[in-house]
Amino acid sequence: AGVRLEIDGSATILTSMYPGSSGAEVAWRSTVCEILGLPLEKSRIAPPRTDTCPNTGPETLSRGITICSKVLESCAQVINKRRFHEPLPIEVQRPFRLPTGYSKTADPASYDPFPFSSSAAAVIEVEIEHYTLSTSITGIWIAVDGGRILQPSAAMQRIEHGIYSALGFLHLEILELHHGQLAPSYSIGYRIPRFGNYPDPKIQLLQPNKKGPALGIGELPGMCIPAAGVQAISQASGIYFDQVPITPEVMYAYHASQQQEESDQPPQEEEEEST
């Protein structure tokens with residue numbers, strides 16, 4: 001990625017990576033403008049073309065925040081040092097470099113293999129209808145350590161969207177294949193979560209190091225929300241589940257299997273009381 005300070009004093013961001021969301025776009029522009037002392041309207045993103053911009057790779061697994069923002073920050077810092085000593089325009093391009101001391105050949109016990117890893121913890125509260133075995137989500141809590149949050153409102157929106165998508169994986173979205181093909185009946189009956197079907201999630205953004213790097217947060221709800229939901233349903237029903245989605249049909253099958261296992265166990269002989 002790169003940054004070019006134009007003759008008119010505006011900044012152009014050069015990257016072949018598509019921002020993916022308005023939040024990422026604003027985060028890139030804010031990062032550059034903050035360092036160069038420019039208003040946000042004095043920045044723009046060049047069309048993402050590999051023939052005119054550095055090949056930055058795809059925007060996946062939150063690379064737009066974890067990698068591209070860091071590279072743009074480095075480019076803007078270099079321009080800030082050169083801007084009053086060289087004529088405009090000034091263009092700086094930088095590759096992404098791993099933190100100092102990181103080496104793929106080093107002893108695994110001596111370094112962190114995930115130098116830009118984020119983390120999250122989630123709690124789900126559920127109610128199970130006794131006769132129909134339908135599950136209702138009554139509470140959603142999630143705490144996220146995403147490093148330095150560049151755009152808090154965009155981060156909250158991204159996490160909330162991920163939560164609702166993950167809830168669909170938990171107990172709604174059923175996809176069955178027959179001989180490698182999807183039957184038309186399943187595509188018609190395929191259900192996705194709706195905002196009104198769930199309570200508003202309680203989201204807490206943790207920033208233990210506000211001067212540290214920005215970390216990826218978009219994938220965190222998909223990893224911890226279904227797991228928290230499975231644990232909640234298992235505790236509420238007294239049945240251990242190890243799959244998603246958990247539908248009433250799945251719950252009934254697990255309950256019948258548990259009862260069959262209990263009936264197959266031989267009765268325990270009562271210990272004779274000692275006299």
# chains A, B, ... in the order shown; residues from 1 in each chain; ligands from 1
call {"tool": "select_by_dssp", "arguments": {"residues": "segment 111-186 of chain A", "states": "strand (DSSP E)", "output": "PyMOL selection string"}}
result
chain A and resi 119-128+135-145+177-178+181-182
call {"tool": "write_last_selection", "arguments": {"atoms": "N, CA, C and O atoms", "output": "compact mmCIF listing (two decimals), in the first residue's frame"}}
result
# COMPACT_ATOMS: atom_id res chain seq x y z
N SER A 119 -9.20 -11.17 20.59
CA SER A 119 -9.90 -12.17 21.39
C SER A 119 -11.26 -11.63 21.79
O SER A 119 -11.51 -10.42 21.77
N ALA A 120 -12.14 -12.54 22.16
CA ALA A 120 -13.49 -12.16 22.58
C ALA A 120 -14.05 -13.25 23.50
O ALA A 120 -13.63 -14.41 23.45
N ALA A 121 -15.00 -12.85 24.32
CA ALA A 121 -15.73 -13.78 25.19
C ALA A 121 -17.21 -13.45 25.09
O ALA A 121 -17.59 -12.27 25.07
N ALA A 122 -18.04 -14.48 25.00
CA ALA A 122 -19.48 -14.27 24.80
C ALA A 122 -20.28 -15.10 25.79
O ALA A 122 -19.85 -16.18 26.21
N VAL A 123 -21.46 -14.59 26.14
CA VAL A 123 -22.41 -15.28 27.00
C VAL A 123 -23.78 -15.20 26.32
O VAL A 123 -24.19 -14.11 25.88
N ILE A 124 -24.46 -16.33 26.23
CA ILE A 124 -25.80 -16.39 25.64
C ILE A 124 -26.77 -16.92 26.69
O ILE A 124 -26.47 -17.90 27.38
N GLU A 125 -27.92 -16.28 26.80
CA GLU A 125 -28.99 -16.74 27.70
C GLU A 125 -30.14 -17.26 26.83
O GLU A 125 -30.56 -16.57 25.89
N VAL A 126 -30.63 -18.46 27.15
CA VAL A 126 -31.67 -19.08 26.32
C VAL A 126 -32.82 -19.57 27.19
O VAL A 126 -32.67 -19.79 28.40
N GLU A 127 -33.97 -19.71 26.55
CA GLU A 127 -35.14 -20.37 27.13
C GLU A 127 -35.60 -21.46 26.18
O GLU A 127 -35.63 -21.24 24.96
N ILE A 128 -35.94 -22.64 26.71
CA ILE A 128 -36.38 -23.77 25.90
C ILE A 128 -37.82 -24.12 26.25
O ILE A 128 -38.14 -24.35 27.42
N THR A 135 -36.16 -23.01 20.89
CA THR A 135 -35.20 -22.24 21.68
C THR A 135 -35.38 -20.76 21.42
O THR A 135 -35.47 -20.33 20.26
N SER A 136 -35.41 -19.97 22.47
CA SER A 136 -35.49 -18.52 22.36
C SER A 136 -34.24 -17.90 22.98
O SER A 136 -33.83 -18.30 24.08
N ILE A 137 -33.64 -16.96 22.27
CA ILE A 137 -32.48 -16.24 22.79
C ILE A 137 -33.00 -15.05 23.59
O ILE A 137 -33.70 -14.19 23.07
N THR A 138 -32.67 -14.99 24.88
CA THR A 138 -33.17 -13.92 25.74
C THR A 138 -32.08 -12.94 26.16
O THR A 138 -32.41 -11.89 26.72
N GLY A 139 -30.83 -13.25 25.92
CA GLY A 139 -29.75 -12.33 26.30
C GLY A 139 -28.48 -12.63 25.54
O GLY A 139 -28.15 -13.80 25.30
N ILE A 140 -27.79 -11.56 25.13
CA ILE A 140 -26.54 -11.71 24.37
C ILE A 140 -25.53 -10.71 24.93
O ILE A 140 -25.80 -9.50 24.98
N TRP A 141 -24.38 -11.21 25.35
CA TRP A 141 -23.30 -10.36 25.84
C TRP A 141 -22.00 -10.78 25.17
O TRP A 141 -21.73 -11.98 25.02
N ILE A 142 -21.19 -9.81 24.79
CA ILE A 142 -19.90 -10.11 24.20
C ILE A 142 -18.91 -9.00 24.54
O ILE A 142 -19.26 -7.81 24.51
N ALA A 143 -17.71 -9.40 24.93
CA ALA A 143 -16.62 -8.46 25.20
C ALA A 143 -15.50 -8.75 24.20
O ALA A 143 -15.11 -9.91 24.01
N VAL A 144 -14.99 -7.72 23.56
CA VAL A 144 -14.04 -7.87 22.47
C VAL A 144 -12.78 -7.07 22.78
O VAL A 144 -12.85 -5.88 23.11
N ASP A 145 -11.64 -7.72 22.67
CA ASP A 145 -10.34 -7.05 22.72
C ASP A 145 -9.83 -6.94 21.29
O ASP A 145 -9.25 -7.87 20.76
N LEU A 177 -27.39 -31.36 1.82
CA LEU A 177 -27.01 -31.72 0.45
C LEU A 177 -27.32 -33.18 0.20
O LEU A 177 -27.13 -34.03 1.08
N HIS A 178 -27.81 -33.48 -0.98
CA HIS A 178 -28.08 -34.84 -1.40
C HIS A 178 -27.29 -35.09 -2.68
O HIS A 178 -27.53 -34.47 -3.72
N GLN A 181 -25.71 -32.00 -4.16
CA GLN A 181 -26.56 -30.95 -4.70
C GLN A 181 -27.60 -30.52 -3.66
O GLN A 181 -28.00 -31.32 -2.81
N LEU A 182 -28.00 -29.24 -3.76
CA LEU A 182 -28.99 -28.69 -2.87
C LEU A 182 -30.36 -28.84 -3.48
O LEU A 182 -30.62 -28.38 -4.60
call {"tool": "residues_around", "arguments": {"residues": "Gly222 of chain A", "least_positions_apart": "4", "cutoff": "10 Å", "atoms": "only C-alpha atoms", "output": "PyMOL selection string"}}
result
chain A and resi 159+162-170+218+226-227
call {"tool": "atom_distance", "arguments": {"atom1": "atom CA of Pro39 of chain A", "atom2": "atom CA of Met17 of chain A"}}
result
23.0 Å
call {"tool": "closest_residue", "arguments": {"among": "A:Leu205, A:Cys224, A:Ile90, A:Val78", "to": "Gln157 of chain A", "atoms": "only C-alpha atoms"}}
result
A:Leu205
call {"tool": "residues_around", "arguments": {"residues": "Lys211 of chain A", "least_positions_apart": "3", "cutoff": "10 Å", "atoms": "only C-alpha atoms", "output": "count of residues only"}}
result
6
call {"tool": "closest_residue", "arguments": {"among": "A:Glu6, A:Glu73, A:Asp264, A:Glu129", "to": "Lys42 of chain A", "atoms": "only C-alpha atoms"}}
result
A:Glu6
call {"tool": "atom_distance", "arguments": {"atom1": "atom CA of Leu133 of chain A", "atom2": "atom CA of Ala253 of chain A"}}
result
11.2 Å
call {"tool": "atom_distance", "arguments": {"atom1": "atom CA of Pro221 of chain A", "atom2": "atom CA of Glu160 of chain A"}}
result
8.3 Å
call {"tool": "select_by_dssp", "arguments": {"residues": "segment 20-263 of chain A", "states": "helix (DSSP H, G or I)", "output": "number ranges by chain"}}
result
A: 22-36, 40-42, 63-82, 108-110, 152-171, 184-188, 195-197, 220-237, 248-263
call {"tool": "write_last_selection", "arguments": {"atoms": "C-alpha atoms", "output": "CSV table (one decimal), in the first residue's frame"}}
result
chain,number,residue,atom,x,y,z
A,22,SER,CA,-17.6,2.4,4.8
A,23,GLY,CA,-16.1,1.9,8.2
A,24,ALA,CA,-12.8,0.6,6.8
A,25,GLU,CA,-12.7,3.4,4.3
A,26,VAL,CA,-13.1,6.0,6.9
A,27,ALA,CA,-10.5,4.3,9.1
A,28,TRP,CA,-7.9,4.4,6.3
A,29,ARG,CA,-8.6,8.1,5.6
A,30,SER,CA,-8.7,9.0,9.2
A,31,THR,CA,-5.3,7.3,9.9
A,32,VAL,CA,-3.6,9.2,7.1
A,33,CYS,CA,-5.2,12.5,7.8
A,34,GLU,CA,-4.5,12.4,11.5
A,35,ILE,CA,-0.8,12.0,10.8
A,36,LEU,CA,-0.6,14.6,8.0
A,40,LEU,CA,-11.0,14.2,6.2
A,41,GLU,CA,-12.4,15.8,3.1
A,42,LYS,CA,-8.8,16.4,1.8
A,63,ARG,CA,-6.7,-7.6,6.7
A,64,GLY,CA,-8.0,-4.2,5.8
A,65,ILE,CA,-7.7,-3.1,9.5
A,66,THR,CA,-4.8,-5.3,10.8
A,67,ILE,CA,-2.5,-4.9,7.8
A,68,CYS,CA,-3.5,-2.1,5.4
A,69,SER,CA,-4.1,0.5,8.2
A,70,LYS,CA,-0.7,-0.2,9.7
A,71,VAL,CA,1.1,0.1,6.3
A,72,LEU,CA,-0.8,3.4,5.5
A,73,GLU,CA,0.2,4.7,8.9
A,74,SER,CA,3.9,4.0,8.2
A,75,CYS,CA,3.6,5.7,4.8
A,76,ALA,CA,2.0,8.8,6.2
A,77,GLN,CA,4.7,9.0,8.9
A,78,VAL,CA,7.5,9.0,6.2
A,79,ILE,CA,5.7,11.6,4.1
A,80,ASN,CA,5.3,13.8,7.2
A,81,LYS,CA,9.1,13.8,7.6
A,82,ARG,CA,9.8,14.6,3.9
A,108,PRO,CA,8.1,-21.9,18.7
A,109,ALA,CA,8.4,-21.4,22.5
A,110,SER,CA,10.2,-18.1,22.1
A,152,PRO,CA,-15.8,2.7,17.4
A,153,SER,CA,-19.2,3.1,15.7
A,154,ALA,CA,-18.2,1.1,12.7
A,155,ALA,CA,-16.6,-1.6,15.0
A,156,MET,CA,-19.9,-1.9,16.9
A,157,GLN,CA,-21.9,-2.2,13.7
A,158,ARG,CA,-19.5,-4.9,12.4
A,159,ILE,CA,-19.7,-6.9,15.6
A,160,GLU,CA,-23.5,-6.6,15.8
A,161,HIS,CA,-23.9,-7.8,12.2
A,162,GLY,CA,-21.6,-10.7,13.0
A,163,ILE,CA,-23.6,-11.7,16.1
A,164,TYR,CA,-26.8,-12.0,14.1
A,165,SER,CA,-25.1,-14.0,11.4
A,166,ALA,CA,-23.6,-16.3,14.0
A,167,LEU,CA,-27.1,-16.8,15.7
A,168,GLY,CA,-28.3,-18.1,12.4
A,169,PHE,CA,-25.6,-20.7,12.4
A,170,LEU,CA,-26.7,-21.7,15.9
A,171,HIS,CA,-30.3,-22.7,15.4
A,184,PRO,CA,-35.0,-26.8,-4.3
A,185,SER,CA,-37.2,-27.4,-1.3
A,186,TYR,CA,-34.3,-26.6,1.1
A,187,SER,CA,-33.4,-23.4,-0.7
A,188,ILE,CA,-37.0,-22.2,-0.5
A,195,PHE,CA,-33.1,-8.4,13.9
A,196,GLY,CA,-36.5,-8.3,15.6
A,197,ASN,CA,-36.2,-12.0,16.6
A,220,LEU,CA,-14.9,-13.0,16.4
A,221,PRO,CA,-18.7,-13.3,16.7
A,222,GLY,CA,-18.7,-16.2,14.3
A,223,MET,CA,-16.2,-18.1,16.5
A,224,CYS,CA,-17.6,-17.5,20.0
A,225,ILE,CA,-21.4,-16.8,19.6
A,226,PRO,CA,-22.3,-20.3,18.3
A,227,ALA,CA,-20.0,-22.0,20.9
A,228,ALA,CA,-21.6,-19.9,23.7
A,229,GLY,CA,-25.1,-20.8,22.4
A,230,VAL,CA,-24.3,-24.5,22.3
A,231,GLN,CA,-23.1,-24.4,26.0
A,232,ALA,CA,-26.2,-22.4,27.0
A,233,ILE,CA,-28.6,-24.9,25.3
A,234,SER,CA,-26.7,-27.9,26.8
A,235,GLN,CA,-26.9,-26.5,30.3
A,236,ALA,CA,-30.6,-25.5,30.0
A,237,SER,CA,-31.6,-28.9,28.6
A,248,PRO,CA,-36.1,-28.9,17.8
A,249,GLU,CA,-35.6,-32.0,15.7
A,250,VAL,CA,-31.9,-32.3,16.7
A,251,MET,CA,-32.8,-31.8,20.4
A,252,TYR,CA,-35.4,-34.5,20.2
A,253,ALA,CA,-33.0,-36.9,18.5
A,254,TYR,CA,-30.3,-36.2,21.2
A,255,HIS,CA,-32.8,-36.6,24.0
A,256,ALA,CA,-34.0,-40.0,22.6
A,257,SER,CA,-30.4,-41.1,22.2
A,258,GLN,CA,-29.6,-40.2,25.7
A,259,GLN,CA,-32.6,-42.1,27.1
A,260,GLN,CA,-31.6,-45.1,25.0
A,261,GLU,CA,-28.1,-45.1,26.4
A,262,GLU,CA,-29.4,-44.8,30.0
A,263,SER,CA,-31.9,-47.7,29.4
call {"tool": "decode", "arguments": {"residues": "segment 226-245 of chain A", "atoms": "N, CA, C and O atoms", "output": "PDB file, in the first residue's frame"}}
result
ATOM      1  N   PRO A 226     -21.713 -18.993  18.405  1.00  0.00           N
ATOM      2  CA  PRO A 226     -22.286 -20.348  18.337  1.00  0.00           C
ATOM      3  C   PRO A 226     -21.815 -21.245  19.477  1.00  0.00           C
ATOM      4  O   PRO A 226     -22.602 -22.040  20.013  1.00  0.00           O
ATOM      5  N   ALA A 227     -20.537 -21.131  19.847  1.00  0.00           N
ATOM      6  CA  ALA A 227     -20.022 -21.959  20.944  1.00  0.00           C
ATOM      7  C   ALA A 227     -20.717 -21.620  22.256  1.00  0.00           C
ATOM      8  O   ALA A 227     -21.097 -22.520  23.030  1.00  0.00           O
ATOM      9  N   ALA A 228     -20.915 -20.327  22.528  1.00  0.00           N
ATOM     10  CA  ALA A 228     -21.622 -19.927  23.748  1.00  0.00           C
ATOM     11  C   ALA A 228     -23.072 -20.390  23.710  1.00  0.00           C
ATOM     12  O   ALA A 228     -23.633 -20.807  24.732  1.00  0.00           O
ATOM     13  N   GLY A 229     -23.702 -20.336  22.530  1.00  0.00           N
ATOM     14  CA  GLY A 229     -25.080 -20.797  22.412  1.00  0.00           C
ATOM     15  C   GLY A 229     -25.215 -22.287  22.648  1.00  0.00           C
ATOM     16  O   GLY A 229     -26.174 -22.737  23.296  1.00  0.00           O
ATOM     17  N   VAL A 230     -24.280 -23.080  22.128  1.00  0.00           N
ATOM     18  CA  VAL A 230     -24.306 -24.527  22.349  1.00  0.00           C
ATOM     19  C   VAL A 230     -24.177 -24.838  23.838  1.00  0.00           C
ATOM     20  O   VAL A 230     -24.884 -25.702  24.378  1.00  0.00           O
ATOM     21  N   GLN A 231     -23.273 -24.132  24.517  1.00  0.00           N
ATOM     22  CA  GLN A 231     -23.114 -24.364  25.953  1.00  0.00           C
ATOM     23  C   GLN A 231     -24.380 -23.991  26.721  1.00  0.00           C
ATOM     24  O   GLN A 231     -24.794 -24.690  27.655  1.00  0.00           O
ATOM     25  N   ALA A 232     -25.005 -22.881  26.330  1.00  0.00           N
ATOM     26  CA  ALA A 232     -26.228 -22.450  27.025  1.00  0.00           C
ATOM     27  C   ALA A 232     -27.359 -23.450  26.836  1.00  0.00           C
ATOM     28  O   ALA A 232     -28.063 -23.800  27.793  1.00  0.00           O
ATOM     29  N   ILE A 233     -27.542 -23.929  25.604  1.00  0.00           N
ATOM     30  CA  ILE A 233     -28.608 -24.899  25.336  1.00  0.00           C
ATOM     31  C   ILE A 233     -28.312 -26.221  26.034  1.00  0.00           C
ATOM     32  O   ILE A 233     -29.221 -26.884  26.559  1.00  0.00           O
ATOM     33  N   SER A 234     -27.046 -26.623  26.075  1.00  0.00           N
ATOM     34  CA  SER A 234     -26.673 -27.859  26.766  1.00  0.00           C
ATOM     35  C   SER A 234     -26.974 -27.772  28.256  1.00  0.00           C
ATOM     36  O   SER A 234     -27.499 -28.709  28.863  1.00  0.00           O
ATOM     37  N   GLN A 235     -26.653 -26.636  28.871  1.00  0.00           N
ATOM     38  CA  GLN A 235     -26.905 -26.476  30.300  1.00  0.00           C
ATOM     39  C   GLN A 235     -28.401 -26.380  30.594  1.00  0.00           C
ATOM     40  O   GLN A 235     -28.880 -26.922  31.602  1.00  0.00           O
ATOM     41  N   ALA A 236     -29.147 -25.693  29.724  1.00  0.00           N
ATOM     42  CA  ALA A 236     -30.577 -25.529  29.972  1.00  0.00           C
ATOM     43  C   ALA A 236     -31.351 -26.834  29.786  1.00  0.00           C
ATOM     44  O   ALA A 236     -32.349 -27.073  30.471  1.00  0.00           O
ATOM     45  N   SER A 237     -30.893 -27.685  28.884  1.00  0.00           N
ATOM     46  CA  SER A 237     -31.615 -28.923  28.585  1.00  0.00           C
ATOM     47  C   SER A 237     -31.065 -30.131  29.330  1.00  0.00           C
ATOM     48  O   SER A 237     -31.740 -31.163  29.424  1.00  0.00           O
ATOM     49  N   GLY A 238     -29.850 -30.014  29.840  1.00  0.00           N
ATOM     50  CA  GLY A 238     -29.229 -31.165  30.483  1.00  0.00           C
ATOM     51  C   GLY A 238     -28.728 -32.200  29.503  1.00  0.00           C
ATOM     52  O   GLY A 238     -28.414 -33.328  29.880  1.00  0.00           O
ATOM     53  N   ILE A 239     -28.612 -31.837  28.236  1.00  0.00           N
ATOM     54  CA  ILE A 239     -28.133 -32.741  27.188  1.00  0.00           C
ATOM     55  C   ILE A 239     -26.908 -32.113  26.533  1.00  0.00           C
ATOM     56  O   ILE A 239     -26.923 -30.920  26.208  1.00  0.00           O
ATOM     57  N   TYR A 240     -25.872 -32.897  26.346  1.00  0.00           N
ATOM     58  CA  TYR A 240     -24.664 -32.389  25.709  1.00  0.00           C
ATOM     59  C   TYR A 240     -24.821 -32.387  24.195  1.00  0.00           C
ATOM     60  O   TYR A 240     -25.098 -33.429  23.594  1.00  0.00           O
ATOM     61  N   PHE A 241     -24.662 -31.219  23.585  1.00  0.00           N
ATOM     62  CA  PHE A 241     -24.740 -31.089  22.131  1.00  0.00           C
ATOM     63  C   PHE A 241     -23.352 -30.787  21.579  1.00  0.00           C
ATOM     64  O   PHE A 241     -22.569 -30.054  22.193  1.00  0.00           O
ATOM     65  N   ASP A 242     -23.080 -31.358  20.407  1.00  0.00           N
ATOM     66  CA  ASP A 242     -21.776 -31.150  19.785  1.00  0.00           C
ATOM     67  C   ASP A 242     -21.917 -30.806  18.306  1.00  0.00           C
ATOM     68  O   ASP A 242     -21.030 -31.141  17.500  1.00  0.00           O
ATOM     69  N   GLN A 243     -23.023 -30.147  17.951  1.00  0.00           N
ATOM     70  CA  GLN A 243     -23.210 -29.766  16.569  1.00  0.00           C
ATOM     71  C   GLN A 243     -24.084 -28.521  16.478  1.00  0.00           C
ATOM     72  O   GLN A 243     -24.752 -28.142  17.433  1.00  0.00           O
ATOM     73  N   VAL A 244     -24.023 -27.864  15.356  1.00  0.00           N
ATOM     74  CA  VAL A 244     -24.920 -26.756  15.019  1.00  0.00           C
ATOM     75  C   VAL A 244     -25.407 -26.983  13.596  1.00  0.00           C
ATOM     76  O   VAL A 244     -24.696 -27.589  12.794  1.00  0.00           O
ATOM     77  N   PRO A 245     -26.603 -26.516  13.253  1.00  0.00           N
ATOM     78  CA  PRO A 245     -27.547 -25.834  14.126  1.00  0.00           C
ATOM     79  C   PRO A 245     -28.279 -26.797  15.047  1.00  0.00           C
ATOM     80  O   PRO A 245     -28.416 -27.977  14.739  1.00  0.00           O
TER      81      PRO A 245
END
